[in-house]
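To start, the structure under review is shown below, and the notes come after it.
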4 protein chains.
Amino acid sequence: MKFKLLLSCPDRPGIVAEVSQLIAHSGGNVVAAAQFTDPISHHFFMRYEVEVQGTTEAETKLRAILEEGLAELLSGPEASLVMCSSEFRPRVALMASKASHCLVDVLQRWRTRELPCDIVCVIANHPHIEEYAGWFKVPFHHVDFSSQDKALAFDEVDALLDRYDVDLTVLARFMQVFPDHLVQKRAGHMINIHHSFLPSFMGARPYEQAHKRGVKLVGATCHYVTTDLDQGPIIDQEVTRISHRDTPADLRMKGRMSEKEALARGLRLHLEDRVFVRGNRTVIFD
Amino acid sequence: MKFKLLLSCPDRPGIVAEVSQLIAHSGGNVVAAAQFTDPISHHFFMRYEVEVQGTTEAETKLRAILEEGLAELLSGPEASLVMCSSEFRPRVALMASKASHCLVDVLQRWRTRELPCDIVCVIANHPHIEEYAGWFKVPFHHVDFSSQDKALAFDEVDALLDRYDVDLTVLARFMQVFPDHLVQKRAGHMINIHHSFLPSFMGARPYEQAHKRGVKLVGATCHYVTTDLDQGPIIDQEVTRISHRDTPADLRMKGRMSEKEALARGLRLHLEDRVFVRGNRTVIFD
Amino acid sequence: MKFKLLLSCPDRPGIVAEVSQLIAHSGGNVVAAAQFTDPISHHFFMRYEVEVQGTTEAETKLRAILEEGLAELLSGPEASLVMCSSEFRPRVALMASKASHCLVDVLQRWRTRELPCDIVCVIANHPHIEEYAGWFKVPFHHVDFSSQDKALAFDEVDALLDRYDVDLTVLARFMQVFPDHLVQKRAGHMINIHHSFLPSFMGARPYEQAHKRGVKLVGATCHYVTTDLDQGPIIDQEVTRISHRDTPADLRMKGRMSEKEALARGLRLHLEDRVFVRGNRTVIFD
Amino acid sequence: MKFKLLLSCPDRPGIVAEVSQLIAHSGGNVVAAAQFTDPISHHFFMRYEVEVQGTTEAETKLRAILEEGLAELLSGPEASLVMCSSEFRPRVALMASKASHCLVDVLQRWRTRELPCDIVCVIANHPHIEEYAGWFKVPFHHVDFSSQDKALAFDEVDALLDRYDVDLTVLARFMQVFPDHLVQKRAGHMINIHHSFLPSFMGARPYEQAHKRGVKLVGATCHYVTTDLDQGPIIDQEVTRISHRDTPADLRMKGRMSEKEALARGLRLHLEDRVFVRGNRTVIFD
């Protein structure tokens with residue numbers, strides 16, 4: 001079987017050798033490796049894909065060996081070791097509002113096996129989204145944000161995410177702002193697509209802002225959701241060339257491709273455990 | 001001979017026909033035409049390239065015919081008609097500070113006939129720029145910004161621009177902020193290259209800002225200088241993909257290509273009279 | 001009402017004035033205009049969007065006026081004048097084989113009003129495509145290419161295209177090669193998306209070819225179908241960066257975005273009557 | 001001191017652990033690591049940057065240890081181990097013909113420390129190139145290809161490359177085709193920039209070919225020179241969007257940016273020892 005190992009800790013000599021040795025001694029074989037030491041913070045990041053003979057037992061054993069062998073390295077406050085089986089498929093919830101292009105794109109990519117996950121539900125504050133979920137035979141839930149208090153609506157959303165035991169929540173153009181306590185509860189497990197090239201045009205109606213400013217490229221940004229609106233760590237960005245002829249409506253249409261592409265790439269990087277977050281920056285081993 | 005005609009005015013039916021007729025009756029032939037009506041402001045923009053038989057006289061005559069024929073159209077406060085001979089070569093001053101990549105790129109493109117202008121002088125606040133000006137046999141002037149008052153230094157710059165009878169001033173990574181009265185004096189005739197994807201990272205040290213924010217693309221913006229720093233009308237923008245491995249120094253290096261390309265394209269569009277400015281937006285007929 | 005006027009003929013002085021005058025005298029207003037004279041062939045191309053007061057009658061009258069007024073211009077063998085109402089919605093047939101990404105992308109864009117046409121049927125040589133057509137409530141026809149003679153299968157396709165009175169046939173990754181007589185029958189009315197950056201990797205399995213050659217970008221090309229396979233006039237192209245890590249299967253996946261984008265843009269340009277074909281080149285007024 | 005280690009061999013379990021251990025036991029610290037196993041050929045590629053305490057002696061010792069420790073791994077016909085000090089600066093010759101843009105771009109980047117090498121000479125078959133070499137104070141040699149036999153001219157070139165003890169020859173738009181025996185003599189040490197998106201438009205006048213075919217993007221390809229003209233392993237490629245308005249001369253101008261960028265990036269990757277060549281493909285650790 002195969003698993004992924006993600007190690008992040010302050011740098012010091014010999015880490016690669018230690019980890020490699022522990023794996024080799026346990027009979028594991030490194031089939032993909034990437035590492036990076038940030039020259040400014042001197043923080044070390046490592047991602048290995050390892051093959052071991054045998055079943056889950058072999059993995060459990062190797063995990064114990066690594067945790068013991070790297071105990072000193074991992075004792076620091078900023079160190080972390082994550083191991084996950086390549087067979088693990090994260091349970092993903094998609095959330096949408098009125099626009100359907102990102103939602104349908106993610107669902108179609110998932111259906112054609114581009115995205116290694118299980119999409120377990122679609123939640124939207126607009127009922128017409130149900131039809132799209134139906135195409136892909138994914139359970140749908142409408143949460144009413146217009147005729148009830150937003151806090152109550154978000155309680156409903158939270159209960160659904162809990163009920164479906166969701167590992168990752170993808171805001172595929174979901175236009176309501178999550179309350180801080182729910183963002184914190186799912187920190188690192190909630191991805192958003194923002195329809196601008198951040199940090200330009202944060203907040204509402206970015207295409208209108210872009211049109212007003214007269215930029216010559218519009219963009220989209222896939223990022224982790226944090227309590228600072230549109231300021232979370234960026235996973236991927238994409239841009240599209242536009243012209244003076246484009247109205248805000250044209251920008252919305254032309255920008256869709258960037259949104260779909262940035263979201264799909266960012267989502268895939270996350271699902272393949274290729275993203276480290278440190279502070280407001282991401283380290284990405286693609 | 002050939003000339004360019006740029007007309008901008010509130011839209012109403014029949015403008016194209018009127019202008020075309022006036023030109024045809026004067027014996028002119030339209031060899032290139034572009035027009036655009038802004039669907040929001042209902043403002044009309046038109047750019048024609050016209051061939052007329054004969055010499056400057058023919059052009060003068062046609063100009064008179066057009067001004068008379070279009071008198072009513074041009075009487076509004078927001079209307080303008082510009083005609084310029086295709087043989088006219090704007091006199092351009094290049095200004096630089098420490099970095100030389102944009103300066104050398106513009107000079108080399110000019111030398112290889114990519115830019116229809118006469119580069120008449122190079123002005124810099126760092127004396128080592130003289131060597132580069134020398135390569136291209138362009139007069140160089142060092143203006144000292146470190147040991148004298150900035151206002152005095154800018155007076156020197158202004159006097160030089162006057163002395164060389166400059167039509168266009170290009171800030172090719174010139175790092176001093178022009179005082180408002182000089183910006184106003186040369187409004188529409190001063191182009192800057194800013195080393196970020198505006199409106200992201202206005203002001204100083206944009207690559208450091210970009211690194212800190214953790215963006216995945218860095219950019220450059222060629223724009224007209226206005227009294228609002230880095231907020232003038234945008235002519236062109238370009239971006240370059242980066243990664244977490246890139247330090248601010250790497251961004252500076254990788255961003256150079258975008259800076260050179262956005263500046264060269266923006267400059268060329270301006271020199272070929274393809275840019276209309278209206279408010280904070282540009283209309284570009286490329 | 002509004003219509004589009006497309007004129008193509010050998011260049012000579014005064015064309016713009018003549019056409020503009022005829023339109024103005026008929027009470028039409030030019031709301032968008034673009035023209036181009038090829039400096040090599042001296043061929044002239046013009047696209048106008050014209051508004052006229054009144055109903056179809058007004059358009060018929062204007063058409064007669066233009067045809068009469070431009071009779072001499074249009075008498076040449078290479079001249080053509082096309083006028084079409086902006087209300088006209090072309091009837092489009094989509095054809096697919098096994099892959100569904102281009103098909104679903106076109107259908108979803110159509111549904112969200114990005115594409116000004118009526119998609120009247122989906123035809124595929126793989127029956128599972130029916131489900132996708134069903135999502136969008138578009139009639140589906142399976143044509144069997146595996147257990148009958150190809151010529152017979154194409155007769156079936158042709159009969160369907162006739163029956164649906166199709167204006168444009170879009171090969172959205174349809175993997176069968178149309179026989180020459182059907183290509184000629186629908187010349188200029190059949191668009192294909194080829195999954196390579198033509199002229200690189202013509203013919204079968206372009207992603208395998210690209211992988212073997214070790215290119216660093218893969219592409220897609222939207223073009224008119226001609227009897228020379230993959231050599232028709234190109235409408236649009238798009239590329240995606242890849243790396244040595246990508247297998248042919250990865251290229252197939254990464255290339256989908258370029259295919260979808262190039263096809264959608266090319267299709268939209270055609271549907272908006274923005275494309276002129278001359279020889280093996282296109283003139284595009286976007 | 002710091003050095004780079006490049007290992008390429010058939011894959012088998014444990015390689016990373018073995019190499020890491022040998023380095024750790026010798027007191028080396030891995031500061032950057034990348035590896036890749038080709039899933040098709042099962043060939044393994046590894047690039048390490050290693051820091052060792054002490055002088056050249058330490059490196060020599062480590063090299064001996066690695067060669068002994070990896071003896072079995074390296075005994076195969078397709079295995080190779082290369083170690084080079086990070087202080088080593090390759091000696092580079094630039095060759096040009098008439099066009100100067102790539103030459104000046106490489107020289108200027110080198111001058112501003114983007115390229116870790118020593119440019120030791122410029123060789124051209126057009127004498128006007130001397131001026132550019134002079135700007136950067138690099139020795140220049142004109143080799144006459146017009147009034148003598150090409151074989152003799154290439155003998156002269158070869159003698160110059162030998163005399164300057166050149167590690168890498170960069171054909172910066174050098175338009176003469178090297179004879180096979182000289183290509184073989186410098187296999188893997190000669191880089192060319194071809195002004196098309198290979199494999200499109202191999203051979204002469206690619207911009208004319210591109211114009212004729214009516215493509216919508218033009219490109220440039222940086223590749224190793226092999227005896228098959230324009231078919232060597234590709235290091236990097238770049239493209240630029242064009243339109244029907246562009247003449248072949250416009251394509252030449254617009255394509256320059258792609259040529260400069262692809263050459264500079266490819267050259268830098270080679271100089272930093274980030275490129276493995278295997279068959280006709282490259283593995284690039286950037």
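Residue numbering restarts at 1 for every chain of the structure tokens, chains are lettered A, B, ... in their displayed order, and ligands are numbered from 1 as they appear.
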
I'm after chain A in the frame of chain C: fit it by least squares over all Cα atoms matched in order, and give me the output as a compact mmCIF listing (two decimals) with C-alpha atoms, in the first residue's frame.
```
# COMPACT_ATOMS: atom_id res chain seq x y z
CA MET A 1 -33.97 46.37 -34.86
CA LYS A 2 -30.30 45.52 -35.24
CA PHE A 3 -28.35 43.58 -37.83
CA LYS A 4 -24.81 42.68 -38.74
CA LEU A 5 -23.25 43.47 -42.09
CA LEU A 6 -20.18 41.62 -43.30
CA LEU A 7 -18.45 42.81 -46.42
CA SER A 8 -15.36 41.28 -47.97
CA CYS A 9 -13.89 42.43 -51.30
CA PRO A 10 -10.69 43.61 -52.98
CA ASP A 11 -9.66 46.94 -51.43
CA ARG A 12 -10.02 50.30 -53.16
CA PRO A 13 -10.41 53.87 -51.85
CA GLY A 14 -13.77 55.02 -50.54
CA ILE A 15 -15.43 51.79 -49.47
CA VAL A 16 -16.00 52.89 -45.87
CA ALA A 17 -17.51 56.18 -47.00
CA GLU A 18 -19.81 54.53 -49.52
CA VAL A 19 -21.13 51.94 -47.10
CA SER A 20 -21.47 54.46 -44.28
CA GLN A 21 -23.37 56.86 -46.51
CA LEU A 22 -25.77 54.23 -47.83
CA ILE A 23 -26.53 53.20 -44.26
CA ALA A 24 -26.92 56.79 -43.03
CA HIS A 25 -29.21 57.70 -45.93
CA SER A 26 -31.41 54.72 -45.10
CA GLY A 27 -31.72 55.95 -41.53
CA GLY A 28 -29.42 53.30 -40.08
CA ASN A 29 -26.99 53.97 -37.26
CA VAL A 30 -23.64 52.18 -37.04
CA VAL A 31 -23.18 51.05 -33.44
CA ALA A 32 -20.06 48.95 -33.90
CA ALA A 33 -17.56 48.90 -36.73
CA ALA A 34 -14.36 47.14 -37.54
CA GLN A 35 -12.41 46.91 -40.74
CA PHE A 36 -9.15 45.47 -41.93
CA THR A 37 -7.20 45.57 -45.16
CA ASP A 38 -4.75 42.75 -45.55
CA PRO A 39 -1.44 44.39 -46.47
CA ILE A 40 -0.34 41.35 -48.46
CA SER A 41 -3.42 40.38 -50.47
CA HIS A 42 -4.99 43.89 -50.43
CA HIS A 43 -8.28 42.31 -49.54
CA PHE A 44 -10.74 44.37 -47.52
CA PHE A 45 -12.89 43.08 -44.64
CA MET A 46 -15.60 45.04 -42.85
CA ARG A 47 -18.04 44.23 -40.07
CA TYR A 48 -20.73 46.66 -39.03
CA GLU A 49 -23.47 46.41 -36.47
CA VAL A 50 -26.34 48.63 -37.60
CA GLU A 51 -29.50 49.78 -35.90
CA VAL A 52 -32.54 50.62 -38.00
CA GLN A 53 -35.92 51.89 -36.92
CA GLY A 54 -38.80 49.61 -37.76
CA THR A 55 -39.34 46.01 -38.61
CA THR A 56 -38.00 43.42 -41.02
CA GLU A 57 -39.24 45.59 -43.83
CA ALA A 58 -36.70 48.26 -42.96
CA GLU A 59 -33.96 45.66 -43.07
CA THR A 60 -35.13 44.28 -46.42
CA LYS A 61 -35.18 47.78 -47.84
CA LEU A 62 -31.70 48.55 -46.54
CA ARG A 63 -30.41 45.30 -47.94
CA ALA A 64 -31.75 46.22 -51.37
CA ILE A 65 -30.21 49.68 -51.13
CA LEU A 66 -26.82 48.26 -50.16
CA GLU A 67 -26.85 45.59 -52.84
CA GLU A 68 -27.70 48.16 -55.46
CA GLY A 69 -25.32 50.79 -54.15
CA LEU A 70 -22.43 48.34 -53.83
CA ALA A 71 -23.25 46.40 -57.01
CA GLU A 72 -20.00 47.27 -58.72
CA LEU A 73 -17.97 46.45 -55.61
CA LEU A 74 -19.73 43.13 -55.23
CA SER A 75 -19.45 42.10 -58.87
CA GLY A 76 -15.93 40.71 -58.42
CA PRO A 77 -15.38 36.99 -57.91
CA GLU A 78 -13.98 37.39 -54.42
CA ALA A 79 -16.52 39.83 -53.04
CA SER A 80 -19.29 38.95 -50.65
CA LEU A 81 -21.89 40.81 -48.63
CA VAL A 82 -23.69 39.10 -45.79
CA MET A 83 -26.38 40.69 -43.67
CA CYS A 84 -28.02 38.95 -40.77
CA SER A 85 -30.43 40.06 -38.15
CA SER A 86 -29.09 40.15 -34.59
CA GLU A 87 -32.21 38.26 -33.63
CA PHE A 88 -31.29 35.30 -35.79
CA ARG A 89 -30.25 32.35 -33.65
CA PRO A 90 -28.28 29.68 -35.55
CA ARG A 91 -29.45 26.10 -35.08
CA VAL A 92 -26.53 24.11 -33.74
CA ALA A 93 -25.87 20.36 -33.60
CA LEU A 94 -23.28 19.03 -31.16
CA MET A 95 -21.44 15.84 -31.97
CA ALA A 96 -19.42 13.80 -29.49
CA SER A 97 -17.74 10.43 -29.06
CA LYS A 98 -16.58 9.10 -25.73
CA ALA A 99 -15.24 12.19 -23.96
CA SER A 100 -17.90 14.47 -22.52
CA HIS A 101 -15.98 17.50 -21.21
CA CYS A 102 -16.32 19.71 -24.30
CA LEU A 103 -19.93 18.70 -24.85
CA VAL A 104 -21.01 19.47 -21.28
CA ASP A 105 -19.04 22.71 -21.27
CA VAL A 106 -20.74 23.97 -24.44
CA LEU A 107 -24.17 22.92 -23.17
CA GLN A 108 -23.65 24.58 -19.80
CA ARG A 109 -22.42 27.81 -21.40
CA TRP A 110 -25.41 27.74 -23.72
CA ARG A 111 -27.75 27.23 -20.77
CA THR A 112 -26.21 30.19 -18.94
CA ARG A 113 -26.67 32.32 -22.08
CA GLU A 114 -23.02 32.65 -23.09
CA LEU A 115 -23.74 31.32 -26.59
CA PRO A 116 -26.32 33.02 -28.83
CA CYS A 117 -27.74 29.94 -30.58
CA ASP A 118 -30.28 27.15 -30.31
CA ILE A 119 -28.72 23.78 -29.65
CA VAL A 120 -31.20 21.54 -31.43
CA CYS A 121 -29.64 18.10 -31.06
CA VAL A 122 -26.75 16.05 -29.76
CA ILE A 123 -25.44 13.23 -31.95
CA ALA A 124 -22.89 10.72 -30.67
CA ASN A 125 -21.41 7.38 -31.62
CA HIS A 126 -21.34 6.37 -27.95
CA PRO A 127 -24.71 5.83 -26.28
CA HIS A 128 -23.66 7.01 -22.80
CA ILE A 129 -23.67 10.59 -24.12
CA GLU A 130 -27.48 10.47 -23.97
CA GLU A 131 -27.41 11.17 -20.26
CA TYR A 132 -25.63 14.51 -20.78
CA ALA A 133 -28.04 15.59 -23.50
CA GLY A 134 -30.83 14.70 -21.11
CA TRP A 135 -29.52 17.07 -18.44
CA PHE A 136 -30.03 19.94 -20.84
CA LYS A 137 -33.23 18.53 -22.38
CA VAL A 138 -31.71 18.42 -25.84
CA PRO A 139 -32.82 15.63 -28.26
CA PHE A 140 -30.19 12.90 -28.54
CA HIS A 141 -29.35 10.51 -31.34
CA HIS A 142 -26.99 7.63 -31.17
CA VAL A 143 -25.42 6.73 -34.50
CA ASP A 144 -23.73 3.37 -34.52
CA PHE A 145 -20.25 3.52 -36.04
CA SER A 146 -19.02 0.19 -34.72
CA SER A 147 -21.35 -2.38 -36.22
CA GLN A 148 -22.14 -0.80 -39.57
CA ASP A 149 -20.23 0.65 -42.48
CA LYS A 150 -18.88 4.14 -41.75
CA ALA A 151 -20.36 5.51 -44.95
CA LEU A 152 -23.81 4.37 -43.84
CA ALA A 153 -23.29 5.80 -40.39
CA PHE A 154 -22.36 9.16 -41.90
CA ASP A 155 -25.44 9.02 -44.11
CA GLU A 156 -27.44 8.74 -40.90
CA VAL A 157 -25.59 11.71 -39.41
CA ASP A 158 -26.18 13.73 -42.55
CA ALA A 159 -29.87 12.92 -42.56
CA LEU A 160 -30.13 14.04 -38.91
CA LEU A 161 -28.33 17.32 -39.61
CA ASP A 162 -30.70 17.90 -42.54
CA ARG A 163 -33.76 16.94 -40.53
CA TYR A 164 -32.85 19.40 -37.76
CA ASP A 165 -32.12 22.06 -40.37
CA VAL A 166 -28.77 22.71 -38.74
CA ASP A 167 -26.82 25.90 -39.45
CA LEU A 168 -23.68 24.86 -37.61
CA THR A 169 -22.24 21.48 -36.67
CA VAL A 170 -19.84 21.48 -33.72
CA LEU A 171 -17.51 18.51 -33.38
CA ALA A 172 -17.02 18.55 -29.61
CA ARG A 173 -14.38 15.80 -29.57
CA PHE A 174 -16.17 13.70 -32.21
CA MET A 175 -13.52 11.19 -33.19
CA GLN A 176 -14.74 10.01 -36.62
CA VAL A 177 -13.40 11.63 -39.78
CA PHE A 178 -16.15 13.15 -41.93
CA PRO A 179 -16.12 12.06 -45.59
CA ASP A 180 -15.13 14.77 -48.06
CA HIS A 181 -18.55 15.17 -49.66
CA LEU A 182 -20.18 15.97 -46.32
CA VAL A 183 -17.40 18.38 -45.38
CA GLN A 184 -17.91 20.16 -48.69
CA LYS A 185 -21.68 20.21 -48.26
CA ARG A 186 -21.27 22.05 -44.94
CA ALA A 187 -18.13 24.06 -45.72
CA GLY A 188 -17.79 26.99 -43.37
CA HIS A 189 -20.53 25.52 -41.17
CA MET A 190 -18.62 22.86 -39.32
CA ILE A 191 -16.28 23.61 -36.41
CA ASN A 192 -13.90 21.17 -34.74
CA ILE A 193 -11.83 21.26 -31.58
CA HIS A 194 -8.51 19.50 -32.06
CA HIS A 195 -6.62 18.53 -28.93
CA SER A 196 -3.25 19.87 -29.97
CA PHE A 197 -1.61 23.16 -30.81
CA LEU A 198 -1.90 22.82 -34.59
CA PRO A 199 0.00 22.35 -36.81
CA SER A 200 1.83 20.29 -34.18
CA PHE A 201 0.50 16.78 -33.67
CA MET A 202 -2.11 16.48 -36.38
CA GLY A 203 -4.10 13.26 -36.57
CA ALA A 204 -4.62 10.67 -33.88
CA ARG A 205 -3.52 10.63 -30.24
CA PRO A 206 -1.97 14.10 -30.05
CA TYR A 207 -1.34 13.93 -26.29
CA GLU A 208 0.69 10.77 -26.76
CA GLN A 209 2.62 12.51 -29.54
CA ALA A 210 3.16 15.56 -27.31
CA HIS A 211 4.42 13.40 -24.46
CA LYS A 212 6.78 11.57 -26.76
CA ARG A 213 8.19 14.81 -28.16
CA GLY A 214 8.63 16.23 -24.67
CA VAL A 215 6.98 19.61 -25.25
CA LYS A 216 6.52 21.93 -22.28
CA LEU A 217 3.11 23.29 -23.28
CA VAL A 218 0.12 21.41 -24.69
CA GLY A 219 -2.60 23.12 -26.64
CA ALA A 220 -5.94 22.98 -28.37
CA THR A 221 -7.12 24.43 -31.66
CA CYS A 222 -10.64 25.41 -32.74
CA HIS A 223 -10.88 25.41 -36.53
CA TYR A 224 -13.22 25.04 -39.46
CA VAL A 225 -13.36 21.54 -40.87
CA THR A 226 -12.00 21.16 -44.39
CA THR A 227 -11.20 18.10 -46.46
CA ASP A 228 -7.57 18.35 -45.31
CA LEU A 229 -7.69 16.72 -41.89
CA ASP A 230 -6.77 19.16 -39.08
CA GLN A 231 -5.65 21.76 -41.58
CA GLY A 232 -8.68 24.02 -41.80
CA PRO A 233 -8.67 27.75 -40.96
CA ILE A 234 -7.92 28.33 -37.27
CA ILE A 235 -10.34 30.40 -35.19
CA ASP A 236 -8.69 30.20 -31.79
CA GLN A 237 -5.94 28.38 -29.87
CA GLU A 238 -5.07 27.95 -26.24
CA VAL A 239 -2.14 26.38 -24.37
CA THR A 240 -1.45 24.95 -20.92
CA ARG A 241 1.93 24.52 -19.25
CA ILE A 242 2.92 20.96 -18.38
CA SER A 243 5.96 19.22 -16.92
CA HIS A 244 8.01 16.07 -17.26
CA ARG A 245 5.93 14.57 -14.46
CA ASP A 246 2.83 14.49 -16.62
CA THR A 247 1.96 11.19 -18.25
CA PRO A 248 -0.10 11.14 -21.46
CA ALA A 249 -3.13 10.65 -19.18
CA ASP A 250 -2.20 13.79 -17.23
CA LEU A 251 -1.84 15.72 -20.48
CA ARG A 252 -5.31 14.57 -21.51
CA MET A 253 -6.67 15.90 -18.22
CA LYS A 254 -4.67 19.14 -18.16
CA GLY A 255 -5.45 19.78 -21.82
CA ARG A 256 -9.20 19.71 -21.25
CA MET A 257 -9.29 23.27 -20.03
CA SER A 258 -7.55 24.49 -23.19
CA GLU A 259 -9.93 22.46 -25.31
CA LYS A 260 -13.00 23.80 -23.57
CA GLU A 261 -11.78 27.38 -23.65
CA ALA A 262 -10.60 27.38 -27.27
CA LEU A 263 -13.82 25.72 -28.44
CA ALA A 264 -16.07 28.07 -26.46
CA ARG A 265 -14.26 31.18 -27.65
CA GLY A 266 -14.09 30.01 -31.26
CA LEU A 267 -17.73 28.98 -31.24
CA ARG A 268 -18.82 32.29 -29.77
CA LEU A 269 -16.82 34.25 -32.35
CA HIS A 270 -18.50 32.27 -35.12
CA LEU A 271 -22.00 32.63 -33.65
CA GLU A 272 -21.55 36.39 -33.34
CA ASP A 273 -20.49 36.57 -36.99
CA ARG A 274 -17.02 37.85 -36.11
CA VAL A 275 -15.04 35.47 -38.31
CA PHE A 276 -14.09 35.89 -41.98
CA VAL A 277 -12.39 33.02 -43.73
CA ARG A 278 -10.07 33.69 -46.61
CA GLY A 279 -7.90 30.88 -47.91
CA ASN A 280 -6.53 29.10 -44.90
CA ARG A 281 -6.57 32.11 -42.61
CA THR A 282 -9.25 33.79 -40.55
CA VAL A 283 -9.85 37.48 -39.92
CA ILE A 284 -11.47 37.94 -36.53
CA PHE A 285 -13.15 41.11 -35.30
CA ASP A 286 -13.44 40.56 -31.57
```

Would you return as a list in words the members of segment 108-151 of chain B that DSSP assigns to helix (DSSP H, G or I) on this structure's backbone?
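The helix (DSSP H, G or I) residues within segment 108-151 of chain B come out as Gln108, Arg109, Trp110, Arg111, Ile129, Glu130, Glu131, Tyr132, Ala133, Gly134, Trp135, Lys150 and Ala151 of chain B.
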
DSSP-assigned strand (DSSP E) among segment 63-154 of chain A, expressed as number ranges by chain
A: 80-85, 91-96, 118-124, 140-142

Please write the residues from the selection above to a file, keeping C-alpha atoms, as a short mmCIF file (atom, residue, chain, number, x, y, z; two decimals), in the first residue's frame.
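Below is the file that was written, part39.cif:
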```
data_model
loop_
_atom_site.label_atom_id
_atom_site.label_comp_id
_atom_site.auth_asym_id
_atom_site.auth_seq_id
_atom_site.Cartn_x
_atom_site.Cartn_y
_atom_site.Cartn_z
CA SER A 80 3.93 18.61 12.56
CA LEU A 81 3.89 15.17 11.00
CA VAL A 82 0.92 14.01 8.98
CA MET A 83 0.60 10.60 7.39
CA CYS A 84 -2.34 9.59 5.28
CA SER A 85 -3.09 6.58 3.20
CA ARG A 91 -15.49 13.66 2.12
CA VAL A 92 -16.27 16.95 0.40
CA ALA A 93 -19.26 19.29 0.66
CA LEU A 94 -19.88 21.81 -2.12
CA MET A 95 -21.64 25.05 -1.32
CA ALA A 96 -23.14 27.40 -3.90
CA ASP A 118 -16.13 11.72 -2.40
CA ILE A 119 -18.54 14.60 -2.92
CA VAL A 120 -21.10 13.80 -0.26
CA CYS A 121 -23.49 16.73 -0.49
CA VAL A 122 -24.33 20.02 -2.15
CA ILE A 123 -25.65 22.84 0.05
CA ALA A 124 -27.02 26.06 -1.44
CA PHE A 140 -28.85 18.38 -1.99
CA HIS A 141 -29.86 20.67 0.84
CA HIS A 142 -31.36 24.07 0.52
#
```
